[in-house]
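This report concerns only the one structure given below.
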Amino acid sequence: MSSVAPGWRFWLATLAALAGVALTVSLGAWQLSRASFKEALQAQVGAQHRVAPLDASALQSGAPFHRRVILQGTWLGQHTVFLDNRQMNGKPGFNVLTPLKLEGGGAVVLVQRGWSPRNFADRAALPKVETPAGRVTVQGRIAPAPAKLYEFAGAPAGPIRQNLDLAQFSAETRLPLLPVTVLETGEASEGLLRQWAEPATGVDKHYGYAFQWFGLGGLIFILYVWFQIVRRFFFPPRAAR
């Protein structure tokens, strides 16, 4: 082992390595904290599924998303909307939404009733969906508005649409829509499937990112030890003759 006095380059490399390790470790820890937060959120959603369902009054009092509800009301079938390019079990089709006028008041909630395949031979054809008349009972979960997909400006506003904005739809139909929707659950009926996917939390993604950041920090540390300590002090370069 030879003694080689460290110069300014050694200290610059040391500072850079320390900064790199500190940064990658902090980013990895942040990803772990995000994963923990989303796991807690996922547990909270699961807990909402297990508690007793609420009635229609909960929709107007700000009940949390994913809480189960049982509603009575009347379908407003003339305002049914078919959201295009939606998938269920890997197959493209429509998500069918119909306003439900709730009993005991004039409030209306948009219900995501289920999914139906589309006719690709005739893209303007609507699927056969039964909309019972009279009083109906709907079981489901409180949900936000349907996720939006990309669409071009000036998209048509007929029964087949790419997206649906609750405020705009309320103004268009002159219905007093509540600012939430209900995701109807239960067995397939009325020509609709209801095998809804659980909300994706991306926990695995955060763990993957954390592993990458910690791995990068470990690599920086190993390279620093090898080039700045092992090679410098144990295998110093031979003096030029």
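How things are named: the first chain in the structure tokens is A, the next is B, and so on; residues count from 1 in each chain; ligands count from 1 in the order shown.
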Go through range 4-229 of chain A and collect every residue that DSSP, computed from the backbone, puts in helix (DSSP H, G or I); the answer should be as an NGL selection string. :A and (8-50 or 57-60 or 77-79 or 166-173 or 203-229)
List every residue of range 24-217 of chain A that DSSP, applied to the backbone, labels as strand (DSSP E), and write the result as a PyMOL selection string. chain A and resi 68-75+81-88+91-102+108-117+135-143+160-161+177-184
Ranking A:Trp196, A:Phe65, A:Trp213, A:Trp115 by minimum distance to Asp84 in chain A and counting only C-alpha atoms, which one comes first? A:Trp115
Excluding range 56-64 of chain A and any residue of its chain fewer than 3 positions from it, enumerate the residues within 12 Å of it, using only C-alpha atoms, and give them as a ChimeraX atom specification. /A:44-45,47-49,53,67-73,100-110,137-144,176-182
Can you work out the spacing between CA of Arg86 in chain A and CA of Glu187 in chain A in Å, to one decimal?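 The value is 19.0 Å.
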Residues within 12 Å of range 157-172 of chain A, please, as a PyMOL selection string. Count only C-alpha atoms; anything in the same chain fewer than 6 positions from it doesn't count. chain A and resi 77-86+93-99+107-112+118+123-127+144-151+178-181
Next, the residues of the selection above should be written as a short mmCIF file (atom, residue, chain, number, x, y, z; two decimals), in the first residue's frame with N, CA and C atoms.
```
data_model
loop_
_atom_site.label_atom_id
_atom_site.label_comp_id
_atom_site.auth_asym_id
_atom_site.auth_seq_id
_atom_site.Cartn_x
_atom_site.Cartn_y
_atom_site.Cartn_z
N GLY A 77 -84.17 7.92 -19.43
CA GLY A 77 -83.52 7.21 -20.52
C GLY A 77 -83.26 8.04 -21.76
N GLN A 78 -84.02 9.10 -21.96
CA GLN A 78 -83.81 9.93 -23.15
C GLN A 78 -82.47 10.65 -23.13
N HIS A 79 -81.83 10.68 -21.97
CA HIS A 79 -80.53 11.36 -21.86
C HIS A 79 -79.37 10.37 -21.71
N THR A 80 -79.59 9.12 -22.09
CA THR A 80 -78.54 8.12 -21.99
C THR A 80 -77.39 8.47 -22.93
N VAL A 81 -76.17 8.30 -22.43
CA VAL A 81 -74.96 8.60 -23.20
C VAL A 81 -74.11 7.33 -23.28
N PHE A 82 -73.49 7.12 -24.44
CA PHE A 82 -72.62 5.98 -24.67
C PHE A 82 -71.19 6.50 -24.86
N LEU A 83 -70.35 6.30 -23.86
CA LEU A 83 -68.96 6.74 -23.96
C LEU A 83 -68.16 5.71 -24.74
N ASP A 84 -67.57 6.17 -25.83
CA ASP A 84 -66.88 5.27 -26.76
C ASP A 84 -65.45 4.98 -26.32
N ASN A 85 -64.89 3.93 -26.89
CA ASN A 85 -63.49 3.53 -26.67
C ASN A 85 -63.20 3.23 -25.20
N ARG A 86 -64.14 2.60 -24.53
CA ARG A 86 -63.94 2.16 -23.16
C ARG A 86 -63.80 0.64 -23.16
N GLY A 93 -65.51 -1.03 -26.25
CA GLY A 93 -66.95 -0.86 -26.36
C GLY A 93 -67.40 0.44 -25.76
N PHE A 94 -68.62 0.43 -25.19
CA PHE A 94 -69.20 1.63 -24.61
C PHE A 94 -69.36 1.49 -23.10
N ASN A 95 -69.15 2.57 -22.37
CA ASN A 95 -69.67 2.71 -21.02
C ASN A 95 -70.99 3.46 -21.14
N VAL A 96 -72.04 2.87 -20.58
CA VAL A 96 -73.38 3.42 -20.73
C VAL A 96 -73.75 4.19 -19.46
N LEU A 97 -74.13 5.45 -19.64
CA LEU A 97 -74.48 6.31 -18.52
C LEU A 97 -75.90 6.85 -18.72
N THR A 98 -76.70 6.79 -17.65
CA THR A 98 -78.07 7.29 -17.69
C THR A 98 -78.35 8.08 -16.42
N PRO A 99 -78.94 9.27 -16.54
CA PRO A 99 -79.33 10.02 -15.33
C PRO A 99 -80.45 9.30 -14.58
N ALA A 107 -83.28 16.10 -7.20
CA ALA A 107 -81.88 15.87 -7.57
C ALA A 107 -81.77 14.72 -8.57
N VAL A 108 -80.75 14.83 -9.40
CA VAL A 108 -80.49 13.81 -10.42
C VAL A 108 -79.01 13.43 -10.32
N VAL A 109 -78.73 12.13 -10.39
CA VAL A 109 -77.34 11.66 -10.38
C VAL A 109 -77.10 10.85 -11.64
N LEU A 110 -75.93 11.01 -12.21
CA LEU A 110 -75.57 10.25 -13.40
C LEU A 110 -75.01 8.90 -12.96
N VAL A 111 -75.59 7.83 -13.48
CA VAL A 111 -75.20 6.48 -13.10
C VAL A 111 -74.41 5.84 -14.23
N GLN A 112 -73.22 5.36 -13.91
CA GLN A 112 -72.44 4.56 -14.86
C GLN A 112 -72.98 3.14 -14.76
N ARG A 118 -69.51 -2.71 -28.89
CA ARG A 118 -70.05 -1.91 -29.97
C ARG A 118 -70.04 -2.71 -31.27
N ARG A 123 -70.58 1.74 -36.95
CA ARG A 123 -70.10 2.47 -35.78
C ARG A 123 -71.13 3.44 -35.23
N ALA A 124 -72.19 3.72 -36.01
CA ALA A 124 -73.24 4.61 -35.51
C ALA A 124 -74.34 3.84 -34.79
N ALA A 125 -74.27 2.51 -34.81
CA ALA A 125 -75.32 1.70 -34.18
C ALA A 125 -75.16 1.71 -32.68
N LEU A 126 -76.27 1.87 -31.97
CA LEU A 126 -76.26 1.85 -30.51
C LEU A 126 -76.53 0.43 -30.02
N PRO A 127 -75.87 0.01 -28.94
CA PRO A 127 -76.14 -1.32 -28.40
C PRO A 127 -77.55 -1.40 -27.82
N PRO A 144 -66.15 9.43 -9.02
CA PRO A 144 -65.99 10.69 -9.74
C PRO A 144 -66.54 10.57 -11.16
N ALA A 145 -66.46 11.65 -11.90
CA ALA A 145 -66.88 11.63 -13.30
C ALA A 145 -66.02 10.65 -14.08
N PRO A 146 -66.51 10.09 -15.17
CA PRO A 146 -65.71 9.15 -15.96
C PRO A 146 -64.40 9.77 -16.42
N ALA A 147 -63.36 8.95 -16.46
CA ALA A 147 -62.05 9.43 -16.91
C ALA A 147 -62.15 9.93 -18.36
N LYS A 148 -61.39 10.97 -18.64
CA LYS A 148 -61.44 11.57 -19.97
C LYS A 148 -60.35 10.99 -20.86
N LEU A 149 -60.72 10.76 -22.13
CA LEU A 149 -59.80 10.33 -23.15
C LEU A 149 -59.53 11.50 -24.10
N TYR A 150 -58.49 11.35 -24.91
CA TYR A 150 -58.17 12.42 -25.86
C TYR A 150 -59.28 12.52 -26.91
N GLU A 151 -59.66 13.74 -27.24
CA GLU A 151 -60.62 13.94 -28.32
C GLU A 151 -60.30 15.25 -29.03
N LEU A 178 -76.00 16.10 -9.72
CA LEU A 178 -75.06 16.18 -8.61
C LEU A 178 -73.63 16.11 -9.14
N PRO A 179 -72.65 16.64 -8.40
CA PRO A 179 -71.26 16.68 -8.90
C PRO A 179 -70.51 15.36 -8.77
N VAL A 180 -71.23 14.27 -8.56
CA VAL A 180 -70.61 12.94 -8.49
C VAL A 180 -71.41 12.01 -9.38
N THR A 181 -70.88 10.81 -9.61
CA THR A 181 -71.62 9.78 -10.32
C THR A 181 -71.74 8.56 -9.41
#
```
Out of A:Pro236, A:Gly20, A:Gly215, A:Gly202, which residue has the shortest atom-to-atom distance to Ser36 in chain A when counting only C-alpha atoms? A:Gly202
For a test of reading the model, state the distance in Å between CA of Lys128 in chain A and CA of Ser116 in chain A, rounded to one decimal.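 We find that CA of Lys128 in chain A and CA of Ser116 in chain A lie 8.5 Å from each other.
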Find the distance between CA of Leu32 in chain A and CA of Leu18 in chain A and write it in Å to one decimal.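 Separating CA of Leu32 in chain A from CA of Leu18 in chain A is a distance of 21.0 Å.
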What lies within 10 Å of range 221-227 of chain A using only C-alpha atoms, ignoring chain neighbours under 6 positions off, as a ChimeraX atom specification? /A:10,13-14,16-18,20-21,215,233-235
Save out the residues we just selected, C-alpha atoms, as a compact mmCIF listing (two decimals), in the first residue's frame.
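Heads up, here's the output in again-v9.txt:
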```txt
# COMPACT_ATOMS: atom_id res chain seq x y z
CA PHE A 10 -10.25 13.79 -5.03
CA ALA A 13 -15.14 13.68 -6.67
CA THR A 14 -15.97 13.07 -2.99
CA ALA A 16 -20.01 14.90 -6.12
CA ALA A 17 -20.39 11.31 -4.87
CA LEU A 18 -21.88 12.45 -1.56
CA GLY A 20 -25.28 11.94 -5.79
CA VAL A 21 -25.83 9.37 -3.03
CA GLY A 215 -29.61 1.01 -6.95
CA PHE A 233 -4.36 3.97 -2.18
CA PHE A 234 -3.93 0.27 -2.99
CA PHE A 235 -3.07 0.35 -6.70
```
Identify, on the basis of only C-alpha atoms, every residue whose closest approach to Glu190 in chain A does not exceed 8 Å; exclude the query and any residue fewer than 6 positions from it along the same chain; express the result as a list of chain:residue names. A:Val129, A:Glu130, A:Thr131
